[in-house]
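Only one structure is covered here, and it is reproduced in the block below.
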Amino acid sequence: MYLYPTFWTKFTEGGYHFLESFTNQQNLSFTTQLNGGFGTASLDILGPRGLSFERYRKFLGAHAVFFDSQGRRAYEGRVNDTILRPEGVSIRVEGYFSYGSECIQGQIYVTSPTTNYQVIKDCIDITDNDTWINKYAMCDQAADVDVCTFDGRDYSMSKINEVLDEVLKLGYKESDARRVYFAIWDHRAPYFFVEPSLRKPKWFIEPQFLQESFNLSQSRSEIWNSINGVYESSTGPDFHPSAPVENETSKDIYGEREAIINVGQTSQAHAGSLQDAALDTHTWPRQSFQITVQGIVRHQAGFLEQPYRIRAGDVILLTGLDPYVANVGVPGGDGEGGGGAAAASGLAGIVMSTTYQEDSNSCKIVVNTKDTLLTTLIARLGISGGLS
C-alpha cells in the first residue's frame with residue numbers, strides 16, 4: 001500500500017477524536033480538480049460484520065486524511081457516504097470544497113464597487129471555524145488592488161460555490177485577464193491563484209511511465225493570425241482599429257488566416273481588448289492530451305515521487321518527444337508558444353484534474369487545452385463575441 005487512510009470524528013485531528021487508521025484498505029482512489037481542490041475519494045475496508053457495522057455508523061461525517069509513508073497528505077475530506085456490505089464497509093469521501101454547496105453566501109454588494117477578491121474573502125469568512133480555515137496568505141491577491149470591480153450583485157440566496165463560479169469568471173486583473181482558480185487543499189486551507197506559466201513545470205513525466213499510448217491532435221482550422229474587431233457604436237458598425245492586429249511568426253508558419261471578431265455594442269477600448277485577446281487565443285494551434293501515469297515522476301527539484309503527488313493546478317512536462325512539438329494551450333502572445341523554451345524539451349500543460357488508483361499506483365491526468373483569455377474578457381464585460 002502507498003497510502004494510509006486515517007479518520008477522526010472532528011477535523012481538529014485531536015487524539016480524543018481519533019477513530020481508526022488503516023493499512024489493509026482495498027480499491028482506494030481519489031481525485032483532484034479545478035476549481036475545488038480535493039474531489040471525491042472512495043475505499044473499501046474489509047472486516048467482520050459487527051466491526052463493519054460499527055464503522056458504518058461512526059464514520060459518516062468523519063474527517064478523513066490519506067497520508068503517505070512520509071506523513072504527507074495526499075488527500076483530505078469528509079465522509080459523505082458509508083455502505084455496509086457482507087465483506088465489510090465501503091466509504092465515500094468528499095473534498096472540503098463541497099461545503100460550498102451546503103452553505104449560502106448571503107451577501108448583497110450595492111453601496112460601492114467591490115473587488116472579486118473581497119467577495120472571495122467573504123466566502124472564506126462565512127466558513128471560518130466551521131469547515132474552511134481563514135488563511136488569506138494562501139491567496140496571491142491579498143495585497144492586490146488592481147482587480148475587477150463590480151457592484152449591484154445580490155448573493156443573498158446563492159450558495160458559496162455558485163458565487164465563486166461567477167466571480168472567478170472575471171479573471172485576474174483589469175489589465176490581465178488570465179484565468180484564476182480556487183481550491184481547498186491541506187488542512188482545509190483555501191487557495192486563490194492565477195493560472196501558472198508553462199515555463200516552470202512542477203512535474204516531468206517520461207513516456208516509459210505512461211500506462212497506455214495517448215493521442216495528440218491539432219488543427220489549422222482554429223488558427224487566426226490577422227484579426228479585425230467590429231463593434232456597434234452610436235453611428236453603426238465600425239472597424240477598430242482600422243488595421244488588423246497580426247502575428248507575423250504565425251503567418252509565416254501557417255499562412256495568413258484573417259478573421260473578424262464582432263463584439264456587439266461596446267466601447268472602442270473594450271473592442272480593442274477583445275481583439276488582442278482573440279489574437280492571443282488563436283495565434284497557435286490548440287492541442288489536447290490525456291495521459292495515465294503508472295510509476296514514478298520527477299519533481300522540479302530533481303527527486304522522484306509517486307504519481308499521487310500530482311494535483312490539479314500543477315504544470316507538467318511530458319519529456320522525450322520531438323523537440324518541435326508545440327505546447328498545449330500556450331498563447332503565442334506571451335512568447336511561450338510556437339517553439340518557446342518549454343516546447344523545445346517536450347509537451348507542457350496545466351493539470352485540470354487527476355484520478356489516482358492505489359491498486360495500480362496509476363494517475364489519470366487531464367490537461368488544459370484551451371487558453372481562456374478571450375472567454376474571460378467576454379464574461380467580464382457581459383457581452384457576446386465570436387470569430388468569423
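Residue numbering restarts at 1 for every chain of the C-alpha cells, chains are lettered A, B, ... in their displayed order, and ligands are numbered from 1 as they appear.
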Distance query segment 86-94 of chain A at most 7 Å, only C-alpha atoms, self and fewer than 5 positions along chain excluded, as a PyMOL selection string: chain A and resi 39-49+52+56+77-81
Within 10 Å of Ser69 of chain A, counting only C-alpha atoms, which residues qualify if same-chain residues fewer than 2 places away don't, as a list in words?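 Here the qualifying residues turn out to be Met1, Tyr2, Leu3, Tyr4, Phe67, Gly71, Arg72 and Arg73 of chain A.
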For Asn35 of chain A, which of A:Asn134, A:Ser353, A:Thr281, A:Gln105 is the closest residue, counting only C-alpha atoms?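 Distance minimum relative to Asn35 of chain A lands on A:Ser353.
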Segment 154-167 of chain A surroundings by only C-alpha atoms, 10 Å radius, close-in-sequence under 6 positions cut, as a VMD selection string: chain A and resid 35 to 36 97 to 110 115 to 117 119 to 120 122 to 124 126 to 127 148 180 to 182 379 to 380
Limited to C-alpha atoms, could you put the picked residues into a file as a PDB file, in the first residue's frame?
ATOM      1  CA  ASN A  35     -11.929  24.541  -9.329  1.00  0.00           C
ATOM      2  CA  GLY A  36     -12.272  22.780  -5.996  1.00  0.00           C
ATOM      3  CA  PHE A  97     -14.819  22.385  -1.383  1.00  0.00           C
ATOM      4  CA  SER A  98     -18.130  20.507  -1.417  1.00  0.00           C
ATOM      5  CA  TYR A  99     -19.104  22.538   1.641  1.00  0.00           C
ATOM      6  CA  GLY A 100     -19.633  25.433  -0.751  1.00  0.00           C
ATOM      7  CA  SER A 101     -22.772  23.692  -1.989  1.00  0.00           C
ATOM      8  CA  GLU A 102     -24.068  23.334   1.581  1.00  0.00           C
ATOM      9  CA  CYS A 103     -23.788  26.950   2.742  1.00  0.00           C
ATOM     10  CA  ILE A 104     -25.408  30.202   1.500  1.00  0.00           C
ATOM     11  CA  GLN A 105     -23.117  33.164   0.861  1.00  0.00           C
ATOM     12  CA  GLY A 106     -25.861  35.671   1.721  1.00  0.00           C
ATOM     13  CA  GLN A 107     -24.160  38.967   0.771  1.00  0.00           C
ATOM     14  CA  ILE A 108     -25.532  41.927  -1.201  1.00  0.00           C
ATOM     15  CA  TYR A 109     -22.998  44.344  -2.753  1.00  0.00           C
ATOM     16  CA  VAL A 110     -24.738  47.609  -3.636  1.00  0.00           C
ATOM     17  CA  THR A 115     -13.296  43.633  -5.799  1.00  0.00           C
ATOM     18  CA  ASN A 116     -13.654  39.991  -6.726  1.00  0.00           C
ATOM     19  CA  TYR A 117     -11.047  39.244  -4.064  1.00  0.00           C
ATOM     20  CA  VAL A 119     -16.135  38.522  -2.391  1.00  0.00           C
ATOM     21  CA  ILE A 120     -13.833  35.515  -2.076  1.00  0.00           C
ATOM     22  CA  ASP A 122     -16.309  36.951   2.420  1.00  0.00           C
ATOM     23  CA  CYS A 123     -16.876  33.380   1.245  1.00  0.00           C
ATOM     24  CA  ILE A 124     -13.914  32.231   3.333  1.00  0.00           C
ATOM     25  CA  ILE A 126     -18.539  32.539   6.229  1.00  0.00           C
ATOM     26  CA  THR A 127     -16.969  29.092   6.510  1.00  0.00           C
ATOM     27  CA  CYS A 148     -12.024  43.572 -11.366  1.00  0.00           C
ATOM     28  CA  VAL A 180      -7.900  32.370 -11.724  1.00  0.00           C
ATOM     29  CA  TYR A 181      -8.760  29.296  -9.690  1.00  0.00           C
ATOM     30  CA  PHE A 182      -9.984  28.472  -6.204  1.00  0.00           C
ATOM     31  CA  ALA A 379     -17.717  37.152 -19.377  1.00  0.00           C
ATOM     32  CA  ARG A 380     -16.221  40.159 -17.583  1.00  0.00           C
TER      33      ARG A 380
END
Fewer than 3 positions away in the same chain doesn't count, so skip those; otherwise give me all residues within 6 Å of Val297 of chain A, counting only C-alpha atoms, as a ChimeraX atom specification. /A:205,304-305
What is the distance between atom CA of Leu317 of chain A and atom CA of Pro285 of chain A, in Å to one decimal?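 That distance, rounded to one decimal, is 17.9 Å.
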Given only C-alpha atoms as the counted atoms, nearest of A:Tyr191, A:Pro196, A:Val315, A:Asn361 to Arg179 of chain A: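 Closest candidate: A:Pro196.
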Which value, in Å to one decimal, gives the distance between atom CA of Glu13 of chain A and atom CA of Val65 of chain A?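 These atoms are spaced 9.5 Å apart.
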DSSP strand (DSSP E or B) selection over segment 4-77 of chain A, as a ChimeraX atom specification: /A:4-8,18-21,26-33,36-46,63-68,73-77
Between atom CA of Gly295 of chain A and atom CA of Pro307 of chain A, what is the spacing in Å?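 Atom-to-atom, atom CA of Pro307 of chain A to atom CA of Gly295 of chain A, that is 6.8 Å.
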Ranking A:His63, A:Arg220, A:His282, A:Lys202 by minimum distance to Val351 of chain A and counting only C-alpha atoms, which one comes first? A:Lys202
